[in-house]
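One structure below.
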Amino acid sequence: MSSDYQPRILVLATLACAYPGADAVGQAHLEYPSNINILRVPAPVVFPEDFYLHSFAKGVDGILVTGCGTDCPFEGVYPKLSRRIDRIVQRMKAGGLEIERLRLTAICTVCIKAFLKEVNQMNDKLRALGPVKTEAAAALWRQSLADLRVAAGLPAQAS
């Protein structure tokens, strides 16, 4: 892959743990790649499965989901999030998207080194993989929406 390629990376960072950890990186005047976009969220579990696939379809090359791990202040959320990420990874694998594009990790409020390690590793992996296959991701996203409609008792295709 060209050395000029800069992957688009989205980091979902929890308000309770991961975002303060990312903020600590800035307070320490340390740097991470400029192609990292951090979104502060109460808990990544609020994002449905199709959010991730839609993000890939729109050209996001990788998503790093950073949470509190087992220290999550919301009971039972981290295991639920882990199961959701596993389901998405299985869809990605079946649909021809590299599973390295999605990663779940725990980052604490003072985990400067861990945050830097995770974003730099993700950046390096994605630079090696190249741009996301948006057509494959769009097909997976459409299938995910159809599955949601069926689960809700609606026809698979919207009329």
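Starting from 1 in every chain, residues are counted up; chains themselves are A, B, ... following the order of the structure tokens, and ligands are numbered from 1 as listed.
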
Using DSSP on the backbone, list every residue of chain A that comes out as helix (DSSP H, G or I), and give them as a PDB file with N, CA and C atoms, in the first residue's frame.
ATOM      1  N   ALA A  18     -12.419   5.285  28.688  1.00  0.00           N
ATOM      2  CA  ALA A  18     -11.535   5.420  27.537  1.00  0.00           C
ATOM      3  C   ALA A  18     -11.323   6.860  27.101  1.00  0.00           C
ATOM      4  N   TYR A  19     -12.370   7.686  27.130  1.00  0.00           N
ATOM      5  CA  TYR A  19     -12.173   9.074  26.706  1.00  0.00           C
ATOM      6  C   TYR A  19     -11.234   9.826  27.643  1.00  0.00           C
ATOM      7  N   PRO A  20     -11.384   9.697  28.961  1.00  0.00           N
ATOM      8  CA  PRO A  20     -10.388  10.342  29.833  1.00  0.00           C
ATOM      9  C   PRO A  20      -8.967   9.816  29.573  1.00  0.00           C
ATOM     10  N   GLY A  21      -8.852   8.536  29.199  1.00  0.00           N
ATOM     11  CA  GLY A  21      -7.540   7.993  28.852  1.00  0.00           C
ATOM     12  C   GLY A  21      -6.976   8.648  27.606  1.00  0.00           C
ATOM     13  N   ALA A  22      -7.833   8.852  26.596  1.00  0.00           N
ATOM     14  CA  ALA A  22      -7.401   9.532  25.366  1.00  0.00           C
ATOM     15  C   ALA A  22      -7.062  10.986  25.663  1.00  0.00           C
ATOM     16  N   ASP A  23      -7.866  11.622  26.512  1.00  0.00           N
ATOM     17  CA  ASP A  23      -7.628  13.008  26.886  1.00  0.00           C
ATOM     18  C   ASP A  23      -6.295  13.150  27.631  1.00  0.00           C
ATOM     19  N   ALA A  24      -5.957  12.157  28.423  1.00  0.00           N
ATOM     20  CA  ALA A  24      -4.683  12.174  29.157  1.00  0.00           C
ATOM     21  C   ALA A  24      -3.497  12.177  28.198  1.00  0.00           C
ATOM     22  N   VAL A  25      -3.671  11.563  27.031  1.00  0.00           N
ATOM     23  CA  VAL A  25      -2.616  11.571  26.006  1.00  0.00           C
ATOM     24  C   VAL A  25      -2.353  13.011  25.578  1.00  0.00           C
ATOM     25  N   GLY A  26      -3.415  13.758  25.327  1.00  0.00           N
ATOM     26  CA  GLY A  26      -3.271  15.159  24.939  1.00  0.00           C
ATOM     27  C   GLY A  26      -2.691  16.001  26.060  1.00  0.00           C
ATOM     28  N   GLN A  27      -3.122  15.760  27.279  1.00  0.00           N
ATOM     29  CA  GLN A  27      -2.606  16.514  28.416  1.00  0.00           C
ATOM     30  C   GLN A  27      -1.125  16.253  28.639  1.00  0.00           C
ATOM     31  N   PRO A  44     -20.446   2.142  24.245  1.00  0.00           N
ATOM     32  CA  PRO A  44     -20.539   1.715  22.844  1.00  0.00           C
ATOM     33  C   PRO A  44     -21.671   0.725  22.570  1.00  0.00           C
ATOM     34  N   VAL A  45     -22.187   0.102  23.607  1.00  0.00           N
ATOM     35  CA  VAL A  45     -23.263  -0.867  23.418  1.00  0.00           C
ATOM     36  C   VAL A  45     -24.526  -0.203  22.866  1.00  0.00           C
ATOM     37  N   VAL A  46     -24.633   1.123  22.948  1.00  0.00           N
ATOM     38  CA  VAL A  46     -25.820   1.804  22.410  1.00  0.00           C
ATOM     39  C   VAL A  46     -25.840   1.798  20.880  1.00  0.00           C
ATOM     40  N   GLU A  49     -25.634  -3.181  15.650  1.00  0.00           N
ATOM     41  CA  GLU A  49     -24.701  -3.859  14.746  1.00  0.00           C
ATOM     42  C   GLU A  49     -24.595  -3.159  13.398  1.00  0.00           C
ATOM     43  N   ASP A  50     -25.715  -2.691  12.885  1.00  0.00           N
ATOM     44  CA  ASP A  50     -25.668  -2.094  11.550  1.00  0.00           C
ATOM     45  C   ASP A  50     -24.873  -0.783  11.532  1.00  0.00           C
ATOM     46  N   PHE A  51     -24.689  -0.120  12.674  1.00  0.00           N
ATOM     47  CA  PHE A  51     -23.877   1.095  12.724  1.00  0.00           C
ATOM     48  C   PHE A  51     -22.459   0.822  12.220  1.00  0.00           C
ATOM     49  N   TYR A  52     -21.883  -0.259  12.687  1.00  0.00           N
ATOM     50  CA  TYR A  52     -20.506  -0.593  12.311  1.00  0.00           C
ATOM     51  C   TYR A  52     -20.409  -0.897  10.816  1.00  0.00           C
ATOM     52  N   LEU A  53     -21.346  -1.700  10.332  1.00  0.00           N
ATOM     53  CA  LEU A  53     -21.329  -2.059   8.914  1.00  0.00           C
ATOM     54  C   LEU A  53     -21.609  -0.839   8.032  1.00  0.00           C
ATOM     55  N   HIS A  54     -22.507   0.025   8.476  1.00  0.00           N
ATOM     56  CA  HIS A  54     -22.797   1.247   7.724  1.00  0.00           C
ATOM     57  C   HIS A  54     -21.565   2.156   7.697  1.00  0.00           C
ATOM     58  N   SER A  55     -20.842   2.226   8.812  1.00  0.00           N
ATOM     59  CA  SER A  55     -19.616   3.029   8.861  1.00  0.00           C
ATOM     60  C   SER A  55     -18.597   2.527   7.847  1.00  0.00           C
ATOM     61  N   PHE A  56     -18.425   1.209   7.769  1.00  0.00           N
ATOM     62  CA  PHE A  56     -17.503   0.645   6.781  1.00  0.00           C
ATOM     63  C   PHE A  56     -17.992   0.949   5.367  1.00  0.00           C
ATOM     64  N   ALA A  57     -19.291   0.842   5.147  1.00  0.00           N
ATOM     65  CA  ALA A  57     -19.861   1.120   3.819  1.00  0.00           C
ATOM     66  C   ALA A  57     -19.634   2.573   3.410  1.00  0.00           C
ATOM     67  N   GLY A  69     -14.133  -2.179  29.956  1.00  0.00           N
ATOM     68  CA  GLY A  69     -13.926  -3.598  30.224  1.00  0.00           C
ATOM     69  C   GLY A  69     -14.853  -4.057  31.327  1.00  0.00           C
ATOM     70  N   THR A  70     -14.360  -4.938  32.178  1.00  0.00           N
ATOM     71  CA  THR A  70     -15.180  -5.465  33.263  1.00  0.00           C
ATOM     72  C   THR A  70     -15.419  -4.433  34.360  1.00  0.00           C
ATOM     73  N   ASP A  71     -14.748  -3.281  34.302  1.00  0.00           N
ATOM     74  CA  ASP A  71     -14.962  -2.205  35.274  1.00  0.00           C
ATOM     75  C   ASP A  71     -16.075  -1.254  34.851  1.00  0.00           C
ATOM     76  N   VAL A  77     -23.048  -4.607  30.697  1.00  0.00           N
ATOM     77  CA  VAL A  77     -22.904  -3.974  29.390  1.00  0.00           C
ATOM     78  C   VAL A  77     -21.712  -4.517  28.610  1.00  0.00           C
ATOM     79  N   TYR A  78     -20.565  -4.680  29.259  1.00  0.00           N
ATOM     80  CA  TYR A  78     -19.374  -5.099  28.524  1.00  0.00           C
ATOM     81  C   TYR A  78     -19.537  -6.503  27.916  1.00  0.00           C
ATOM     82  N   PRO A  79     -20.075  -7.478  28.652  1.00  0.00           N
ATOM     83  CA  PRO A  79     -20.296  -8.789  28.012  1.00  0.00           C
ATOM     84  C   PRO A  79     -21.276  -8.699  26.829  1.00  0.00           C
ATOM     85  N   LYS A  80     -22.297  -7.869  26.956  1.00  0.00           N
ATOM     86  CA  LYS A  80     -23.250  -7.697  25.853  1.00  0.00           C
ATOM     87  C   LYS A  80     -22.547  -7.076  24.644  1.00  0.00           C
ATOM     88  N   LEU A  81     -21.717  -6.070  24.886  1.00  0.00           N
ATOM     89  CA  LEU A  81     -20.961  -5.437  23.814  1.00  0.00           C
ATOM     90  C   LEU A  81     -20.014  -6.443  23.168  1.00  0.00           C
ATOM     91  N   SER A  82     -19.357  -7.240  23.967  1.00  0.00           N
ATOM     92  CA  SER A  82     -18.430  -8.245  23.447  1.00  0.00           C
ATOM     93  C   SER A  82     -19.157  -9.236  22.534  1.00  0.00           C
ATOM     94  N   ARG A  83     -20.336  -9.676  22.940  1.00  0.00           N
ATOM     95  CA  ARG A  83     -21.121 -10.600  22.098  1.00  0.00           C
ATOM     96  C   ARG A  83     -21.526  -9.913  20.794  1.00  0.00           C
ATOM     97  N   ARG A  84     -21.904  -8.645  20.880  1.00  0.00           N
ATOM     98  CA  ARG A  84     -22.303  -7.899  19.666  1.00  0.00           C
ATOM     99  C   ARG A  84     -21.121  -7.801  18.700  1.00  0.00           C
ATOM    100  N   ILE A  85     -19.957  -7.437  19.219  1.00  0.00           N
ATOM    101  CA  ILE A  85     -18.760  -7.327  18.365  1.00  0.00           C
ATOM    102  C   ILE A  85     -18.441  -8.680  17.741  1.00  0.00           C
ATOM    103  N   ASP A  86     -18.583  -9.760  18.512  1.00  0.00           N
ATOM    104  CA  ASP A  86     -18.346 -11.103  17.962  1.00  0.00           C
ATOM    105  C   ASP A  86     -19.288 -11.397  16.791  1.00  0.00           C
ATOM    106  N   ARG A  87     -20.563 -11.016  16.931  1.00  0.00           N
ATOM    107  CA  ARG A  87     -21.525 -11.240  15.834  1.00  0.00           C
ATOM    108  C   ARG A  87     -21.134 -10.426  14.601  1.00  0.00           C
ATOM    109  N   ILE A  88     -20.708  -9.210  14.810  1.00  0.00           N
ATOM    110  CA  ILE A  88     -20.308  -8.358  13.679  1.00  0.00           C
ATOM    111  C   ILE A  88     -19.079  -8.954  12.997  1.00  0.00           C
ATOM    112  N   VAL A  89     -18.133  -9.418  13.789  1.00  0.00           N
ATOM    113  CA  VAL A  89     -16.918 -10.030  13.238  1.00  0.00           C
ATOM    114  C   VAL A  89     -17.285 -11.250  12.392  1.00  0.00           C
ATOM    115  N   GLN A  90     -18.237 -12.052  12.855  1.00  0.00           N
ATOM    116  CA  GLN A  90     -18.666 -13.217  12.076  1.00  0.00           C
ATOM    117  C   GLN A  90     -19.298 -12.784  10.756  1.00  0.00           C
ATOM    118  N   ARG A  91     -20.102 -11.728  10.778  1.00  0.00           N
ATOM    119  CA  ARG A  91     -20.689 -11.192   9.530  1.00  0.00           C
ATOM    120  C   ARG A  91     -19.584 -10.700   8.597  1.00  0.00           C
ATOM    121  N   MET A  92     -18.623  -9.990   9.168  1.00  0.00           N
ATOM    122  CA  MET A  92     -17.526  -9.461   8.355  1.00  0.00           C
ATOM    123  C   MET A  92     -16.766 -10.601   7.693  1.00  0.00           C
ATOM    124  N   LYS A  93     -16.460 -11.616   8.481  1.00  0.00           N
ATOM    125  CA  LYS A  93     -15.720 -12.765   7.967  1.00  0.00           C
ATOM    126  C   LYS A  93     -16.485 -13.424   6.820  1.00  0.00           C
ATOM    127  N   ALA A  94     -17.783 -13.630   7.020  1.00  0.00           N
ATOM    128  CA  ALA A  94     -18.614 -14.274   6.000  1.00  0.00           C
ATOM    129  C   ALA A  94     -18.765 -13.394   4.760  1.00  0.00           C
ATOM    130  N   GLY A  95     -18.720 -12.072   4.937  1.00  0.00           N
ATOM    131  CA  GLY A  95     -18.929 -11.154   3.822  1.00  0.00           C
ATOM    132  C   GLY A  95     -17.668 -10.656   3.145  1.00  0.00           C
ATOM    133  N   ILE A  99     -11.403  -8.904   9.385  1.00  0.00           N
ATOM    134  CA  ILE A  99     -11.871  -8.717  10.758  1.00  0.00           C
ATOM    135  C   ILE A  99     -10.943  -7.812  11.573  1.00  0.00           C
ATOM    136  N   GLU A 100      -9.743  -7.571  11.077  1.00  0.00           N
ATOM    137  CA  GLU A 100      -8.812  -6.674  11.766  1.00  0.00           C
ATOM    138  C   GLU A 100      -9.301  -5.228  11.742  1.00  0.00           C
ATOM    139  N   ARG A 101     -10.330  -4.946  10.973  1.00  0.00           N
ATOM    140  CA  ARG A 101     -10.866  -3.586  10.869  1.00  0.00           C
ATOM    141  C   ARG A 101     -11.708  -3.193  12.085  1.00  0.00           C
ATOM    142  N   ILE A 112      -2.508   5.851  29.225  1.00  0.00           N
ATOM    143  CA  ILE A 112      -1.911   6.593  28.114  1.00  0.00           C
ATOM    144  C   ILE A 112      -1.183   5.649  27.161  1.00  0.00           C
ATOM    145  N   LYS A 113      -0.323   4.818  27.705  1.00  0.00           N
ATOM    146  CA  LYS A 113       0.462   3.909  26.857  1.00  0.00           C
ATOM    147  C   LYS A 113      -0.445   2.925  26.125  1.00  0.00           C
ATOM    148  N   ALA A 114      -1.467   2.422  26.814  1.00  0.00           N
ATOM    149  CA  ALA A 114      -2.387   1.465  26.180  1.00  0.00           C
ATOM    150  C   ALA A 114      -3.154   2.131  25.044  1.00  0.00           C
ATOM    151  N   PHE A 115      -3.623   3.350  25.255  1.00  0.00           N
ATOM    152  CA  PHE A 115      -4.356   4.053  24.201  1.00  0.00           C
ATOM    153  C   PHE A 115      -3.453   4.268  22.990  1.00  0.00           C
ATOM    154  N   LEU A 116      -2.252   4.777  23.217  1.00  0.00           N
ATOM    155  CA  LEU A 116      -1.321   5.012  22.108  1.00  0.00           C
ATOM    156  C   LEU A 116      -0.989   3.717  21.373  1.00  0.00           C
ATOM    157  N   LYS A 117      -0.766   2.644  22.112  1.00  0.00           N
ATOM    158  CA  LYS A 117      -0.454   1.352  21.506  1.00  0.00           C
ATOM    159  C   LYS A 117      -1.607   0.888  20.622  1.00  0.00           C
ATOM    160  N   GLU A 118      -2.839   0.988  21.128  1.00  0.00           N
ATOM    161  CA  GLU A 118      -4.005   0.519  20.372  1.00  0.00           C
ATOM    162  C   GLU A 118      -4.215   1.317  19.088  1.00  0.00           C
ATOM    163  N   VAL A 119      -4.186   2.650  19.170  1.00  0.00           N
ATOM    164  CA  VAL A 119      -4.438   3.441  17.958  1.00  0.00           C
ATOM    165  C   VAL A 119      -3.308   3.297  16.951  1.00  0.00           C
ATOM    166  N   ASN A 120      -2.076   3.203  17.428  1.00  0.00           N
ATOM    167  CA  ASN A 120      -0.953   3.034  16.501  1.00  0.00           C
ATOM    168  C   ASN A 120      -0.977   1.655  15.843  1.00  0.00           C
ATOM    169  N   GLN A 121      -1.325   0.616  16.606  1.00  0.00           N
ATOM    170  CA  GLN A 121      -1.436  -0.722  16.019  1.00  0.00           C
ATOM    171  C   GLN A 121      -2.547  -0.764  14.975  1.00  0.00           C
ATOM    172  N   MET A 122      -3.690  -0.163  15.300  1.00  0.00           N
ATOM    173  CA  MET A 122      -4.803  -0.136  14.350  1.00  0.00           C
ATOM    174  C   MET A 122      -4.391   0.608  13.092  1.00  0.00           C
ATOM    175  N   ASN A 123      -3.726   1.735  13.252  1.00  0.00           N
ATOM    176  CA  ASN A 123      -3.278   2.515  12.100  1.00  0.00           C
ATOM    177  C   ASN A 123      -2.324   1.697  11.229  1.00  0.00           C
ATOM    178  N   ASP A 124      -1.367   1.029  11.842  1.00  0.00           N
ATOM    179  CA  ASP A 124      -0.399   0.216  11.089  1.00  0.00           C
ATOM    180  C   ASP A 124      -1.080  -0.938  10.353  1.00  0.00           C
ATOM    181  N   LYS A 125      -2.012  -1.639  11.048  1.00  0.00           N
ATOM    182  CA  LYS A 125      -2.724  -2.757  10.412  1.00  0.00           C
ATOM    183  C   LYS A 125      -3.516  -2.284   9.199  1.00  0.00           C
ATOM    184  N   LEU A 126      -4.203  -1.165   9.366  1.00  0.00           N
ATOM    185  CA  LEU A 126      -5.048  -0.673   8.281  1.00  0.00           C
ATOM    186  C   LEU A 126      -4.233  -0.127   7.118  1.00  0.00           C
ATOM    187  N   ARG A 127      -3.100   0.455   7.410  1.00  0.00           N
ATOM    188  CA  ARG A 127      -2.220   0.909   6.322  1.00  0.00           C
ATOM    189  C   ARG A 127      -1.775  -0.281   5.487  1.00  0.00           C
ATOM    190  N   ALA A 128      -1.515  -1.407   6.146  1.00  0.00           N
ATOM    191  CA  ALA A 128      -1.100  -2.616   5.434  1.00  0.00           C
ATOM    192  C   ALA A 128      -2.268  -3.230   4.649  1.00  0.00           C
ATOM    193  N   LEU A 129      -3.481  -3.184   5.213  1.00  0.00           N
ATOM    194  CA  LEU A 129      -4.650  -3.763   4.545  1.00  0.00           C
ATOM    195  C   LEU A 129      -5.141  -2.929   3.374  1.00  0.00           C
ATOM    196  N   THR A 134     -15.812  -0.967   0.308  1.00  0.00           N
ATOM    197  CA  THR A 134     -17.098  -0.345   0.626  1.00  0.00           C
ATOM    198  C   THR A 134     -18.280  -1.101   0.019  1.00  0.00           C
ATOM    199  N   GLU A 135     -18.088  -1.710  -1.151  1.00  0.00           N
ATOM    200  CA  GLU A 135     -19.184  -2.447  -1.773  1.00  0.00           C
ATOM    201  C   GLU A 135     -19.551  -3.661  -0.927  1.00  0.00           C
ATOM    202  N   ALA A 136     -18.548  -4.393  -0.452  1.00  0.00           N
ATOM    203  CA  ALA A 136     -18.804  -5.560   0.402  1.00  0.00           C
ATOM    204  C   ALA A 136     -19.455  -5.119   1.711  1.00  0.00           C
ATOM    205  N   ALA A 137     -18.977  -4.016   2.270  1.00  0.00           N
ATOM    206  CA  ALA A 137     -19.548  -3.510   3.513  1.00  0.00           C
ATOM    207  C   ALA A 137     -20.993  -3.066   3.311  1.00  0.00           C
ATOM    208  N   ALA A 138     -21.276  -2.436   2.182  1.00  0.00           N
ATOM    209  CA  ALA A 138     -22.646  -1.994   1.895  1.00  0.00           C
ATOM    210  C   ALA A 138     -23.581  -3.196   1.764  1.00  0.00           C
ATOM    211  N   ALA A 139     -23.114  -4.255   1.145  1.00  0.00           N
ATOM    212  CA  ALA A 139     -23.935  -5.466   1.015  1.00  0.00           C
ATOM    213  C   ALA A 139     -24.212  -6.062   2.394  1.00  0.00           C
ATOM    214  N   LEU A 140     -23.202  -6.088   3.256  1.00  0.00           N
ATOM    215  CA  LEU A 140     -23.390  -6.593   4.618  1.00  0.00           C
ATOM    216  C   LEU A 140     -24.357  -5.716   5.400  1.00  0.00           C
ATOM    217  N   TRP A 141     -24.258  -4.416   5.215  1.00  0.00           N
ATOM    218  CA  TRP A 141     -25.139  -3.485   5.908  1.00  0.00           C
ATOM    219  C   TRP A 141     -26.592  -3.686   5.470  1.00  0.00           C
ATOM    220  N   ARG A 142     -26.809  -3.818   4.158  1.00  0.00           N
ATOM    221  CA  ARG A 142     -28.167  -4.046   3.653  1.00  0.00           C
ATOM    222  C   ARG A 142     -28.742  -5.362   4.195  1.00  0.00           C
ATOM    223  N   GLN A 143     -27.906  -6.392   4.260  1.00  0.00           N
ATOM    224  CA  GLN A 143     -28.362  -7.676   4.804  1.00  0.00           C
ATOM    225  C   GLN A 143     -28.691  -7.538   6.291  1.00  0.00           C
ATOM    226  N   SER A 144     -27.893  -6.779   7.009  1.00  0.00           N
ATOM    227  CA  SER A 144     -28.140  -6.542   8.430  1.00  0.00           C
ATOM    228  C   SER A 144     -29.475  -5.834   8.638  1.00  0.00           C
ATOM    229  N   LEU A 145     -29.770  -4.837   7.799  1.00  0.00           N
ATOM    230  CA  LEU A 145     -31.044  -4.124   7.896  1.00  0.00           C
ATOM    231  C   LEU A 145     -32.217  -5.060   7.580  1.00  0.00           C
ATOM    232  N   ALA A 146     -32.031  -5.903   6.580  1.00  0.00           N
ATOM    233  CA  ALA A 146     -33.083  -6.866   6.231  1.00  0.00           C
ATOM    234  C   ALA A 146     -33.323  -7.829   7.397  1.00  0.00           C
ATOM    235  N   ASP A 147     -32.254  -8.291   8.027  1.00  0.00           N
ATOM    236  CA  ASP A 147     -32.383  -9.191   9.179  1.00  0.00           C
ATOM    237  C   ASP A 147     -33.118  -8.506  10.329  1.00  0.00           C
ATOM    238  N   LEU A 148     -32.835  -7.227  10.550  1.00  0.00           N
ATOM    239  CA  LEU A 148     -33.524  -6.475  11.603  1.00  0.00           C
ATOM    240  C   LEU A 148     -35.015  -6.355  11.307  1.00  0.00           C
ATOM    241  N   ARG A 149     -35.339  -6.110  10.050  1.00  0.00           N
ATOM    242  CA  ARG A 149     -36.750  -5.992   9.670  1.00  0.00           C
ATOM    243  C   ARG A 149     -37.473  -7.320   9.898  1.00  0.00           C
ATOM    244  N   VAL A 150     -36.860  -8.408   9.508  1.00  0.00           N
ATOM    245  CA  VAL A 150     -37.465  -9.724   9.693  1.00  0.00           C
ATOM    246  C   VAL A 150     -37.644 -10.014  11.189  1.00  0.00           C
ATOM    247  N   ALA A 151     -36.628  -9.689  11.993  1.00  0.00           N
ATOM    248  CA  ALA A 151     -36.706  -9.916  13.439  1.00  0.00           C
ATOM    249  C   ALA A 151     -37.836  -9.100  14.067  1.00  0.00           C
TER     250      ALA A 151
END

Inset, instruction - Just list the residues in region 64-141 of chain A DSSP gives strand (DSSP E) on the backbone, as a PyMOL selection string. - result: chain A and resi 64-67+102-106

Go ahead and write the selection's residues with C-alpha atoms as a PDB file, in the first residue's frame.
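Here's the written file result12.pdb:
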ATOM      1  CA  LEU A  64     -11.628   0.774  17.591  1.00  0.00           C
ATOM      2  CA  VAL A  65     -14.227   0.247  20.309  1.00  0.00           C
ATOM      3  CA  THR A  66     -12.696   1.304  23.610  1.00  0.00           C
ATOM      4  CA  GLY A  67     -14.547   0.735  26.842  1.00  0.00           C
ATOM      5  CA  LEU A 102     -12.851  -3.889  14.104  1.00  0.00           C
ATOM      6  CA  ARG A 103     -11.360  -4.217  17.558  1.00  0.00           C
ATOM      7  CA  LEU A 104     -12.763  -4.121  21.088  1.00  0.00           C
ATOM      8  CA  THR A 105     -10.384  -3.181  23.863  1.00  0.00           C
ATOM      9  CA  ALA A 106     -10.465  -1.893  27.430  1.00  0.00           C
TER      10      ALA A 106
END

Inset, instruction - One decimal, Å: what's the distance from CA of Pro155 (chain A) over to CA of Pro48 (chain A), could you say? - result: 19.6 Å

Inset, instruction - Kindly give the distance, in Å, that separates CA of Glu98 (chain A) and CA of Lys58 (chain A), rounded to a single decimal. - result: 15.8 Å

Legend entry - Spatial neighbours of Ile63 (chain A), max dist 6 Å, only C-alpha atoms, sep filter under 2 positions, as a ChimeraX atom specification: /A:9-11,102

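For Leu15 (chain A), the set of protein, DNA and RNA residues having any atom at most 6 Å away, when counting only C-alpha atoms and skipping those fewer than 4 positions along the same chain, is A:Tyr19, A:Arg40, A:Val41, A:Pro42.
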
Inset, instruction - Choose the residue, out of A:Val132, A:Ala152, A:Ile107, A:Leu30, that has the smallest atom-to-atom separation from Cys17 (chain A); count only C-alpha atoms. - result: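 Closest residue, counting only C-alpha atoms: A:Ile107.
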
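Going from CA of Ala43 (chain A) to CA of Pro131 (chain A) covers 27.3 Å.
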
Legend entry - Counting only C-alpha atoms, the option among A:Thr109, A:Gly153, A:Gln6, A:Gly96 closest to Asn35 (chain A): A:Gln6
